[in-house]
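Text of the file target-v4.tsv, holding TSV, C-alpha atoms:
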chain	number	residue	atom	x	y	z
Q	542	MET	CA	0.00	0.00	0.00
Q	543	SER	CA	1.28	3.44	-0.90
Q	544	ASP	CA	0.31	6.65	0.87
Q	545	ALA	CA	1.43	8.70	-2.10
Q	546	THR	CA	-1.06	7.45	-4.66
Q	547	LEU	CA	-4.64	6.32	-4.84
Q	548	THR	CA	-5.93	3.52	-7.05
Q	549	VAL	CA	-9.26	4.68	-8.42
Q	550	ARG	CA	-11.74	2.48	-10.26
Q	551	ILE	CA	-14.29	4.47	-12.24
Q	552	TRP	CA	-17.31	3.28	-14.20
Q	553	ARG	CA	-16.94	4.06	-17.90
Q	554	GLY	CA	-19.80	3.62	-20.35
Q	555	THR	CA	-23.57	3.80	-20.12
Q	556	GLU	CA	-25.81	1.11	-18.64
Q	557	ARG	CA	-23.30	-1.27	-20.18
Q	558	GLY	CA	-19.68	-0.55	-19.52
Q	559	ARG	CA	-16.76	-1.47	-17.29
Q	560	PHE	CA	-14.62	-0.13	-14.48
Q	561	GLU	CA	-11.31	1.41	-15.51
Q	562	THR	CA	-8.44	1.94	-13.11
Q	563	TYR	CA	-6.51	5.19	-12.68
Q	564	THR	CA	-3.65	6.19	-10.40
Q	565	VAL	CA	-4.07	9.55	-8.71
Q	566	PRO	CA	-1.70	11.34	-6.28
Q	567	ARG	CA	-3.02	11.65	-2.75
Q	568	ARG	CA	-3.37	15.11	-1.30
Q	569	GLU	CA	-4.31	16.47	2.08
Q	570	SER	CA	-8.08	17.16	2.50
Q	571	GLN	CA	-8.68	15.65	-0.93
Q	572	THR	CA	-12.33	15.07	-1.82
Q	573	VAL	CA	-13.73	12.38	-4.09
Q	574	LEU	CA	-14.77	15.14	-6.50
Q	575	ASP	CA	-11.14	16.39	-6.51
Q	576	VAL	CA	-10.06	12.91	-7.57
Q	577	VAL	CA	-12.58	12.69	-10.41
Q	578	THR	CA	-11.67	16.19	-11.59
Q	579	TRP	CA	-7.95	15.36	-11.48
Q	580	ILE	CA	-8.52	12.32	-13.70
Q	581	GLN	CA	-10.65	14.29	-16.14
Q	582	ARG	CA	-8.11	17.12	-16.42
Q	583	ARG	CA	-4.84	15.14	-16.33
Q	584	ILE	CA	-5.60	11.70	-17.74
Q	585	ASP	CA	-8.82	11.43	-19.73
Q	586	PRO	CA	-10.81	14.52	-20.76
Q	587	THR	CA	-13.62	12.28	-22.08
Q	588	LEU	CA	-14.62	11.30	-18.53
Q	589	SER	CA	-18.15	12.61	-17.93
Q	590	TYR	CA	-19.48	13.66	-14.55
Q	591	ARG	CA	-21.55	16.47	-13.09
Q	592	TYR	CA	-20.83	19.14	-10.50
Q	593	ALA	CA	-21.37	22.85	-9.98
Q	594	CYS	CA	-20.90	24.55	-6.60
Q	595	ARG	CA	-18.29	22.28	-4.94
Q	596	VAL	CA	-19.51	23.39	-1.49
Q	597	GLY	CA	-22.47	21.11	-0.82
Q	598	MET	CA	-25.24	23.42	-1.96
Q	599	CYS	CA	-26.25	22.45	-5.48
Q	600	GLY	CA	-26.75	18.69	-5.21
Q	601	SER	CA	-25.12	17.96	-8.59
Q	602	CYS	CA	-22.14	15.78	-7.74
Q	603	ALA	CA	-23.68	12.74	-6.03
Q	604	MET	CA	-22.09	9.41	-7.00
Q	605	SER	CA	-21.71	5.96	-5.59
Q	606	VAL	CA	-18.40	5.77	-3.67
Q	607	ASN	CA	-17.33	2.28	-2.62
Q	608	GLY	CA	-20.96	1.23	-3.02
Q	609	VAL	CA	-22.39	4.05	-0.90
Q	610	PRO	CA	-24.25	7.05	-2.36
Q	611	ARG	CA	-22.49	10.26	-1.34
Q	612	TRP	CA	-22.12	13.97	-2.21
Q	613	THR	CA	-18.60	13.78	-3.59
Q	614	CYS	CA	-17.63	17.43	-3.08
Q	615	ARG	CA	-17.96	17.05	0.69
Q	616	THR	CA	-16.65	13.51	0.94
Q	617	HIS	CA	-13.01	13.28	1.98
Q	618	VAL	CA	-11.04	10.47	0.39
Q	619	ALA	CA	-9.33	9.76	3.71
Q	620	LYS	CA	-12.69	8.90	5.27
Q	621	VAL	CA	-13.98	6.55	2.58
Q	622	ALA	CA	-10.90	4.99	0.92
Q	623	ASP	CA	-10.53	1.25	1.31
Q	624	GLY	CA	-6.78	1.22	1.94
Q	625	ASP	CA	-5.50	3.13	-1.09
Q	626	GLY	CA	-8.44	2.20	-3.29
Q	627	VAL	CA	-11.68	3.96	-4.19
Q	628	THR	CA	-14.41	2.70	-6.53
Q	629	ILE	CA	-16.64	5.39	-8.02
Q	630	ALA	CA	-19.82	4.57	-9.92
Q	631	PRO	CA	-22.93	6.45	-11.07
Q	632	LEU	CA	-25.88	6.70	-8.67
Q	633	ARG	CA	-28.12	3.64	-8.44
Q	634	ASN	CA	-31.79	3.64	-9.54
Q	635	LEU	CA	-31.28	6.23	-12.31
Q	636	PRO	CA	-30.42	5.71	-16.00
Q	637	VAL	CA	-26.75	6.29	-16.78
Q	638	ILE	CA	-26.15	8.89	-19.51
Q	639	LYS	CA	-22.40	8.37	-19.61
Q	640	ASP	CA	-19.74	7.41	-17.06
Q	641	LEU	CA	-20.70	9.09	-13.75
Q	642	ALA	CA	-23.51	11.29	-15.10
Q	643	VAL	CA	-27.03	9.96	-14.54
Q	644	ASP	CA	-30.30	11.15	-16.05
Q	645	MET	CA	-32.20	12.91	-13.23
Q	646	THR	CA	-35.38	13.41	-15.32
Q	647	VAL	CA	-37.40	10.68	-13.61
Q	648	PHE	CA	-36.24	11.87	-10.20
Q	649	PHE	CA	-37.52	15.42	-10.75
Q	650	ASP	CA	-40.64	14.32	-12.65
Q	651	LYS	CA	-41.60	12.53	-9.46
Q	652	TRP	CA	-41.28	15.80	-7.52
Q	653	ALA	CA	-43.86	17.21	-9.93
Q	654	ARG	CA	-46.09	14.11	-9.53
Q	655	ALA	CA	-45.91	14.53	-5.75
Q	656	GLN	CA	-47.10	18.15	-6.21
Q	657	GLY	CA	-43.75	19.41	-4.95
Q	658	ARG	CA	-44.45	23.01	-5.93
Q	659	PHE	CA	-45.88	25.65	-3.65
Q	660	VAL	CA	-49.47	26.69	-4.39
Q	661	SER	CA	-50.50	30.00	-2.99
Q	662	ALA	CA	-53.60	29.88	-0.79
Q	663	PRO	CA	-56.48	32.11	-2.02
Q	664	GLY	CA	-55.88	35.69	-0.93
Q	665	ALA	CA	-52.33	34.97	0.24
Q	666	ALA	CA	-50.83	37.39	-2.27
Q	667	THR	CA	-52.59	40.40	-0.76
Q	668	ASP	CA	-50.47	40.56	2.38
Q	669	PHE	CA	-47.32	39.17	3.98
Q	670	ALA	CA	-47.78	35.81	5.68
Q	671	VAL	CA	-46.37	36.08	9.18
Q	672	VAL	CA	-45.07	32.73	10.42
Q	673	PRO	CA	-42.89	33.29	13.51
Q	674	PRO	CA	-39.60	31.34	13.31
Q	675	ASP	CA	-40.17	29.62	16.66
Q	676	SER	CA	-43.79	28.66	15.97
Q	677	ARG	CA	-44.68	24.96	15.74
Q	678	GLU	CA	-45.91	25.42	12.17
Q	679	ARG	CA	-42.67	27.00	11.02
Q	680	GLN	CA	-40.52	24.38	12.72
Q	681	ALA	CA	-42.54	21.59	11.12
Q	682	ALA	CA	-42.02	23.15	7.69
Q	683	ASP	CA	-38.33	23.75	8.42
Q	684	ALA	CA	-37.60	20.17	9.45
Q	685	ALA	CA	-37.20	18.87	5.93
Q	686	ILE	CA	-36.76	22.04	3.91
Q	687	GLU	CA	-32.98	21.93	3.42
Q	688	CYS	CA	-33.08	19.21	0.73
Q	689	ILE	CA	-30.63	19.99	-2.10
Q	690	GLY	CA	-32.11	17.45	-4.53
Q	691	CYS	CA	-28.89	15.45	-4.86
Q	692	GLY	CA	-30.64	12.09	-5.35
Q	693	VAL	CA	-28.59	10.26	-2.70
Q	694	CYS	CA	-31.73	9.09	-0.88
Q	695	TYR	CA	-33.30	7.98	-4.16
Q	696	ALA	CA	-30.22	5.90	-4.99
Q	697	ALA	CA	-30.15	4.43	-1.48
Q	698	CYS	CA	-33.82	3.38	-1.48
Q	699	ASP	CA	-34.53	-0.32	-2.05
Q	700	VAL	CA	-38.25	0.33	-2.60
Q	701	VAL	CA	-37.36	2.51	-5.62
Q	702	SER	CA	-35.23	-0.33	-6.97
Q	703	TRP	CA	-38.11	-2.83	-6.99
Q	704	ASN	CA	-41.02	-0.42	-7.62
Q	705	PRO	CA	-39.97	2.02	-10.37
Q	706	ASP	CA	-43.25	3.96	-9.95
Q	707	TYR	CA	-42.52	4.76	-6.31
Q	708	LEU	CA	-42.15	8.52	-5.87
Q	709	GLY	CA	-39.12	8.08	-3.64
Q	710	PRO	CA	-37.88	9.76	-0.46
Q	711	ALA	CA	-36.91	13.17	-1.87
Q	712	ALA	CA	-40.22	13.89	-3.64
Q	713	LEU	CA	-42.22	12.73	-0.61
Q	714	ASN	CA	-39.99	14.75	1.71
Q	715	ARG	CA	-40.71	17.82	-0.42
Q	716	ALA	CA	-44.45	17.09	-0.32
Q	717	TRP	CA	-44.32	16.84	3.48
Q	718	THR	CA	-42.53	20.19	3.71
Q	719	LEU	CA	-45.35	21.82	1.72
Q	720	VAL	CA	-48.06	19.98	3.68
Q	721	ASN	CA	-46.59	21.70	6.75
Q	722	ASP	CA	-46.44	25.11	5.04
Q	723	VAL	CA	-49.36	27.11	6.44
Q	724	ARG	CA	-49.27	29.41	3.39
Q	725	ASP	CA	-49.90	26.56	0.97
Q	726	GLY	CA	-53.37	26.12	-0.51
Q	727	ALA	CA	-53.20	22.64	-2.03
Q	728	ARG	CA	-52.87	20.38	0.98
Q	729	ASP	CA	-55.64	17.91	0.09
Q	730	GLU	CA	-54.60	17.66	-3.58
Q	731	ARG	CA	-51.03	17.00	-2.47
Q	732	LEU	CA	-52.07	14.34	0.05
Q	733	ALA	CA	-54.14	12.66	-2.67
Q	734	ALA	CA	-51.12	12.78	-5.00
Q	735	VAL	CA	-48.83	11.03	-2.51
Q	736	ALA	CA	-51.28	8.35	-1.30
Q	737	GLY	CA	-51.27	4.82	-2.66
Q	738	ASP	CA	-48.75	2.13	-3.51
Q	739	ALA	CA	-46.59	4.44	-5.64
Q	740	GLY	CA	-46.59	7.01	-2.86
Q	741	CYS	CA	-45.98	7.15	0.86
Q	742	HIS	CA	-47.74	3.86	1.56
Q	743	ALA	CA	-45.08	1.94	-0.36
Q	744	CYS	CA	-42.35	2.95	2.11
Q	745	HIS	CA	-41.05	0.07	4.25
Q	746	THR	CA	-39.31	2.33	6.75
Q	747	GLN	CA	-35.92	0.78	5.99
Q	748	GLN	CA	-34.44	4.25	6.60
Q	749	SER	CA	-31.64	4.11	4.03
Q	750	CYS	CA	-32.67	7.63	2.97
Q	751	ARG	CA	-32.22	8.89	6.49
Q	752	GLU	CA	-28.94	6.99	6.88
Q	753	PHE	CA	-27.30	8.44	3.77
Q	754	CYS	CA	-28.84	11.92	3.41
Q	755	PRO	CA	-25.82	14.27	3.34
Q	756	LYS	CA	-27.92	17.05	4.88
Q	757	HIS	CA	-28.92	14.74	7.76
Q	758	LEU	CA	-32.59	15.12	6.93
Q	759	ASP	CA	-35.12	12.46	7.87
Q	760	PRO	CA	-37.19	11.58	4.78
Q	761	THR	CA	-38.40	8.44	6.57
Q	762	GLY	CA	-39.95	10.67	9.22
Q	763	SER	CA	-41.47	12.88	6.52
Q	764	ILE	CA	-43.01	9.84	4.83
Q	765	ALA	CA	-44.38	8.62	8.19
Q	766	GLY	CA	-45.93	12.08	8.59
Q	767	LEU	CA	-47.53	11.77	5.15
Q	768	LYS	CA	-48.93	8.35	6.08
Q	769	ARG	CA	-50.58	9.83	9.17
Q	770	ALA	CA	-51.85	12.88	7.31
Q	771	THR	CA	-53.27	10.86	4.40
Q	772	ALA	CA	-54.95	8.45	6.84
Q	773	LEU	CA	-56.66	11.34	8.64
Q	774	ALA	CA	-57.61	13.01	5.34
Q	775	ALA	CA	-59.04	9.74	4.03
Q	776	LEU	CA	-61.07	9.18	7.21
Q	777	LYS	CA	-62.44	12.72	6.91
Q	778	GLY	CA	-63.22	12.18	3.23
Q	779	LYS	CA	-60.89	14.97	2.14
Q	780	ILE	CA	-58.93	12.87	-0.32
I	960	MET	CA	-54.40	5.36	-9.86
I	961	SER	CA	-57.64	7.33	-9.46
I	962	ARG	CA	-58.31	9.60	-6.52
I	963	VAL	CA	-60.97	7.20	-5.20
I	964	SER	CA	-58.57	4.26	-5.23
I	965	ARG	CA	-55.90	6.43	-3.55
I	966	ARG	CA	-58.41	7.14	-0.79
I	967	ILE	CA	-59.23	3.44	-0.49
I	968	GLU	CA	-55.51	2.60	-0.31
I	969	ALA	CA	-55.06	5.14	2.49
I	970	LEU	CA	-58.03	3.65	4.35
I	971	LEU	CA	-56.74	0.09	3.89
I	972	TRP	CA	-53.36	1.19	5.25
I	973	THR	CA	-55.13	2.72	8.24
I	974	ALA	CA	-57.09	-0.48	8.78
I	975	GLN	CA	-53.90	-2.51	8.73
I	976	ARG	CA	-52.18	-0.24	11.24
I	977	ALA	CA	-55.23	-0.17	13.51
I	978	SER	CA	-55.56	-3.97	13.37
I	979	ALA	CA	-51.85	-4.27	14.16
I	980	ALA	CA	-52.39	-2.23	17.32
I	981	VAL	CA	-55.22	-4.56	18.35
I	982	LEU	CA	-53.12	-7.61	17.52
I	983	ALA	CA	-50.23	-6.37	19.66
I	984	VAL	CA	-52.50	-6.57	22.72
I	985	CYS	CA	-54.33	-9.75	21.68
I	986	VAL	CA	-51.18	-11.72	20.85
I	987	ALA	CA	-49.59	-10.76	24.18
I	988	ILE	CA	-52.64	-11.97	26.12
I	989	HIS	CA	-52.95	-15.08	23.93
I	990	LEU	CA	-49.31	-16.04	24.57
I	991	ALA	CA	-49.70	-15.43	28.29
I	992	VAL	CA	-52.76	-17.70	28.31
I	993	ILE	CA	-50.87	-20.44	26.44
I	994	VAL	CA	-47.95	-20.26	28.88
I	995	TYR	CA	-50.37	-20.34	31.82
I	996	ALA	CA	-52.28	-23.32	30.42
I	997	VAL	CA	-49.12	-25.31	29.66
I	998	HIS	CA	-47.43	-24.56	32.97
I	999	GLY	CA	-50.61	-25.26	34.88
I	1000	GLY	CA	-50.94	-28.56	33.02
I	1001	LEU	CA	-54.56	-27.86	32.11
I	1002	SER	CA	-56.32	-30.63	30.20
I	1003	ALA	CA	-58.58	-29.93	27.22
I	1004	ALA	CA	-61.59	-30.56	29.43
I	1005	GLU	CA	-60.34	-28.07	32.02
I	1006	ILE	CA	-59.76	-25.44	29.33
I	1007	LEU	CA	-63.24	-25.98	27.89
I	1008	ALA	CA	-64.70	-25.72	31.38
I	1009	ARG	CA	-63.24	-22.22	31.59
I	1010	THR	CA	-64.25	-21.05	28.11
I	1011	ARG	CA	-67.76	-22.54	27.76
I	1012	GLY	CA	-70.33	-19.88	28.41
I	1013	SER	CA	-67.66	-17.26	29.06
I	1014	VAL	CA	-68.70	-14.06	27.28
I	1015	GLY	CA	-65.32	-12.50	28.11
I	1016	TRP	CA	-63.33	-15.15	26.23
I	1017	LEU	CA	-65.91	-15.09	23.42
I	1018	LEU	CA	-65.47	-11.34	22.97
I	1019	PHE	CA	-61.68	-11.47	23.33
I	1020	TYR	CA	-61.15	-14.19	20.72
I	1021	GLY	CA	-63.91	-12.74	18.53
I	1022	VAL	CA	-62.00	-9.45	18.34
I	1023	PHE	CA	-58.70	-11.32	17.91
I	1024	VAL	CA	-60.04	-13.20	14.87
I	1025	LEU	CA	-61.44	-10.00	13.37
I	1026	ALA	CA	-58.08	-8.25	13.73
I	1027	VAL	CA	-56.31	-11.20	12.09
I	1028	ALA	CA	-58.87	-11.25	9.27
I	1029	VAL	CA	-58.19	-7.56	8.56
I	1030	HIS	CA	-54.42	-7.60	9.05
I	1031	ALA	CA	-53.20	-10.79	7.38
I	1032	PRO	CA	-54.99	-10.48	4.00
I	1033	LEU	CA	-53.91	-6.83	3.62
I	1034	GLY	CA	-50.32	-7.76	4.39
I	1035	LEU	CA	-50.38	-10.63	1.90
I	1036	ARG	CA	-51.92	-8.32	-0.71
I	1037	THR	CA	-49.08	-5.85	-0.25
I	1038	ILE	CA	-46.44	-8.57	-0.53
I	1039	LEU	CA	-48.05	-10.02	-3.67
I	1040	ARG	CA	-48.32	-6.57	-5.30
I	1041	GLU	CA	-44.66	-5.90	-4.61
I	1042	MET	CA	-43.21	-9.28	-5.46
I	1043	THR	CA	-45.44	-10.56	-8.27
I	1044	PRO	CA	-47.19	-9.06	-11.32
I	1045	TRP	CA	-50.58	-9.83	-9.68
I	1046	ARG	CA	-52.00	-6.34	-9.11
I	1047	ASP	CA	-55.41	-6.20	-10.79
I	1048	ARG	CA	-58.94	-6.41	-9.38
I	1049	SER	CA	-58.78	-10.19	-9.02
I	1050	LEU	CA	-56.17	-9.71	-6.28
I	1051	ASP	CA	-58.60	-7.50	-4.33
I	1052	VAL	CA	-61.31	-10.16	-4.71
I	1053	ALA	CA	-58.91	-12.87	-3.52
I	1054	THR	CA	-57.91	-10.67	-0.57
I	1055	ALA	CA	-61.54	-10.19	0.45
I	1056	ALA	CA	-62.22	-13.92	0.03
I	1057	PHE	CA	-59.25	-14.77	2.25
I	1058	ALA	CA	-60.50	-12.31	4.89
I	1059	LEU	CA	-63.95	-13.95	4.86
I	1060	PHE	CA	-62.32	-17.39	5.09
I	1061	LEU	CA	-60.37	-16.32	8.20
I	1062	VAL	CA	-63.43	-14.82	9.85
I	1063	ALA	CA	-65.62	-17.85	9.09
I	1064	PHE	CA	-63.19	-20.49	10.31
I	1065	GLY	CA	-61.88	-18.38	13.19
I	1066	TRP	CA	-65.35	-17.72	14.57
I	1067	ARG	CA	-66.32	-21.34	13.98
I	1068	ALA	CA	-63.39	-22.39	16.19
I	1069	ILE	CA	-64.43	-19.89	18.86
I	1070	GLY	CA	-67.94	-21.23	18.70
I	1071	GLY	CA	-66.53	-24.66	19.55
I	1072	LEU	CA	-64.89	-23.22	22.67
I	1073	PHE	CA	-67.95	-21.24	23.78
I	1074	ALA	CA	-70.90	-23.53	23.09
Target format structure tokens, applied to this file:
Amino acid sequence: MSDATLTVRIWRGTERGRFETYTVPRRESQTVLDVVTWIQRRIDPTLSYRYACRVGMCGSCAMSVNGVPRWTCRTHVAKVADGDGVTIAPLRNLPVIKDLAVDMTVFFDKWARAQGRFVSAPGAATDFAVVPPDSRERQAADAAIECIGCGVCYAACDVVSWNPDYLGPAALNRAWTLVNDVRDGARDERLAAVAGDAGCHACHTQQSCREFCPKHLDPTGSIAGLKRATALAALKGKI
Amino acid sequence: MSRVSRRIEALLWTAQRASAAVLAVCVAIHLAVIVYAVHGGLSAAEILARTRGSVGWLLFYGVFVLAVAVHAPLGLRTILREMTPWRDRSLDVATAAFALFLVAFGWRAIGGLFA
């Protein structure tokens, strides 16, 4: 084992392809994204991957690192390397466009199917909505609001892998955030959209989403909240 | 999936969770009764002497059977929908038939203990 270099296996190809091995110098505080970028700039400019902000805000750079979905810009090699080796693959559960870049279309289409957009309540535009930061309503909406849409939870979810129609943790987490938004005017429509065996009721509470979310959010808890809310809405005949 | 069927799915999920809560209590009591009967060395005749004419045991096991008849078919339906291509209306009919089967034979057994 050498401390000076890293042996990196990277998926090359589309759905069909192979792992290729590269040797990369180790650096202090080196991230997995640094490694991929080094290979693309110094060894093979045809290597495809996706990133933007490099500081954990944009959610673009998620990949599978040694079999675990991670945000690569905030993942230090020293913490995840297996000896001097790292295996980097595209995210699971999404079609591979090329190399490490996956097609996120399905992922975001499911946000739309889960009614993940804010709908202004009637009359809301006439005045400022005052929701005090320490109120229960605001804290409920805040709990899951910091999602960056990286797709890590979606790749980690086994229910997505066997039920391709399942909306997935991120879309349901977004729906729960809006259900808790007192300014929103489409609560019942949203609860109807997320009910059923492609929605929150398909979740098995395996908690992989919660385990791997880089923002330490709790989509499993959000989905449990949706289950309770849809049950109450169904009993009241609102959905 | 239509809005009506989404509502039904949400209600079925609620029914399964509610029946699970009932089962948690019933199974605990049922196991305690089994342990008591075995440790006490009760014969079949002695057990029947306690259950015959007992409205309490009739109600307890009547509710137990109902909870099983709600919970088990819904769970099997979910497993079949996830693991097999069987997802159409015939699965719902089979689920309902299985629930009726459990109620009929469960209550028949309780009748044998009570009467």
One decimal place gives the atom CA of Q:Ile584-atom CA of Q:Arg550 separation as 13.4 Å
Compare Q:Cys599, Q:Cys688, Q:Ala696, Q:Val606 by their minimum atom-to-atom distance to Q:Ser763, counting only C-alpha atoms, and give me the closest one.
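Comparing Q:Cys599, Q:Cys688, Q:Ala696, Q:Val606 against Q:Ser763, the winner is Q:Cys688.
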Within 12 Å of Q:Ala593, counting all atoms listed in the file, which residues show up once you throw out same-chain ones fewer than 2 positions away? Write them as a PyMOL selection string, please.
chain Q and resi 574+578+590-591+595-603+612-614+691
Expected answer as JSON, numbers by chain: chain I residues within 10 Å of chain Q, all atoms listed in the file: {"I": [960, 961, 962, 963, 964, 965, 966, 967, 968, 969, 970, 971, 972, 973, 974, 1037, 1040, 1041, 1042]}
Exercise. Please check which residues have atoms at most 12 Å from (-58.9, -22.0, 29.4) in the file's coordinates, counting only C-alpha atoms, and write them as a PyMOL selection string.
Key: chain I and resi 989+991-997+999-1013+1015-1017+1020+1072-1073
Taken to one decimal, the atom CA of I:Trp1066-atom CA of I:Leu1035 distance is 20.9 Å
* Test item: residues at most 10 Å from Q:Glu569, all atoms listed in the file, excluding those fewer than 2 positions along its chain, as an NGL selection string -> :Q and (567 or 571-572 or 617-619)
Restrict the selected residues to C-alpha atoms and save them as a PDB file, in the frame of the given file.
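Result written to result10.pdb:
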ATOM      1  CA  ARG Q 567      -3.020  11.650  -2.750  1.00  0.00           C
ATOM      2  CA  GLN Q 571      -8.680  15.650  -0.930  1.00  0.00           C
ATOM      3  CA  THR Q 572     -12.330  15.070  -1.820  1.00  0.00           C
ATOM      4  CA  HIS Q 617     -13.010  13.280   1.980  1.00  0.00           C
ATOM      5  CA  VAL Q 618     -11.040  10.470   0.390  1.00  0.00           C
ATOM      6  CA  ALA Q 619      -9.330   9.760   3.710  1.00  0.00           C
TER       7      ALA Q 619
END
Checklist line | Distance query stretch 641-654 of chain Q at most 8 Å, only C-alpha atoms, self and fewer than 3 positions along chain excluded, as a PyMOL selection string | finding: chain Q and resi 552-553+589-591+604+629-632+635-638+657-658+692+695+708-709+711-713+715-716+734
Can you work out which one of I:Ala979, I:Ala1068, I:Val1014, I:Ile988 has the shortest atom-to-atom distance to I:Ala1031, counting only C-alpha atoms?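 Smallest separation from I:Ala1031 among the options: I:Ala979.
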(Q) Between atom CA of Q:Asp625 and atom CA of Q:Pro586, what is the distance in Å, rounded to a tenth? (A)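 It comes out at 23.3 Å.
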Which polymer residues have any atom within 7 Å of an atom of I:Pro1032, counting only C-alpha atoms, with same-chain residues fewer than 2 positions away left out, as a list in words?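 The contact residues come out as Ala1028, Val1029, His1030, Gly1034, Leu1035, Arg1036, Thr1054, Phe1057 and Ala1058 of chain I.
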Could you save those same residues with C-alpha atoms as a PDB file, keeping the file's coordinate frame?
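Result file again_37.pdb:
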ATOM      1  CA  ALA I1028     -58.870 -11.250   9.270  1.00  0.00           C
ATOM      2  CA  VAL I1029     -58.190  -7.560   8.560  1.00  0.00           C
ATOM      3  CA  HIS I1030     -54.420  -7.600   9.050  1.00  0.00           C
ATOM      4  CA  GLY I1034     -50.320  -7.760   4.390  1.00  0.00           C
ATOM      5  CA  LEU I1035     -50.380 -10.630   1.900  1.00  0.00           C
ATOM      6  CA  ARG I1036     -51.920  -8.320  -0.710  1.00  0.00           C
ATOM      7  CA  THR I1054     -57.910 -10.670  -0.570  1.00  0.00           C
ATOM      8  CA  PHE I1057     -59.250 -14.770   2.250  1.00  0.00           C
ATOM      9  CA  ALA I1058     -60.500 -12.310   4.890  1.00  0.00           C
TER      10      ALA I1058
END
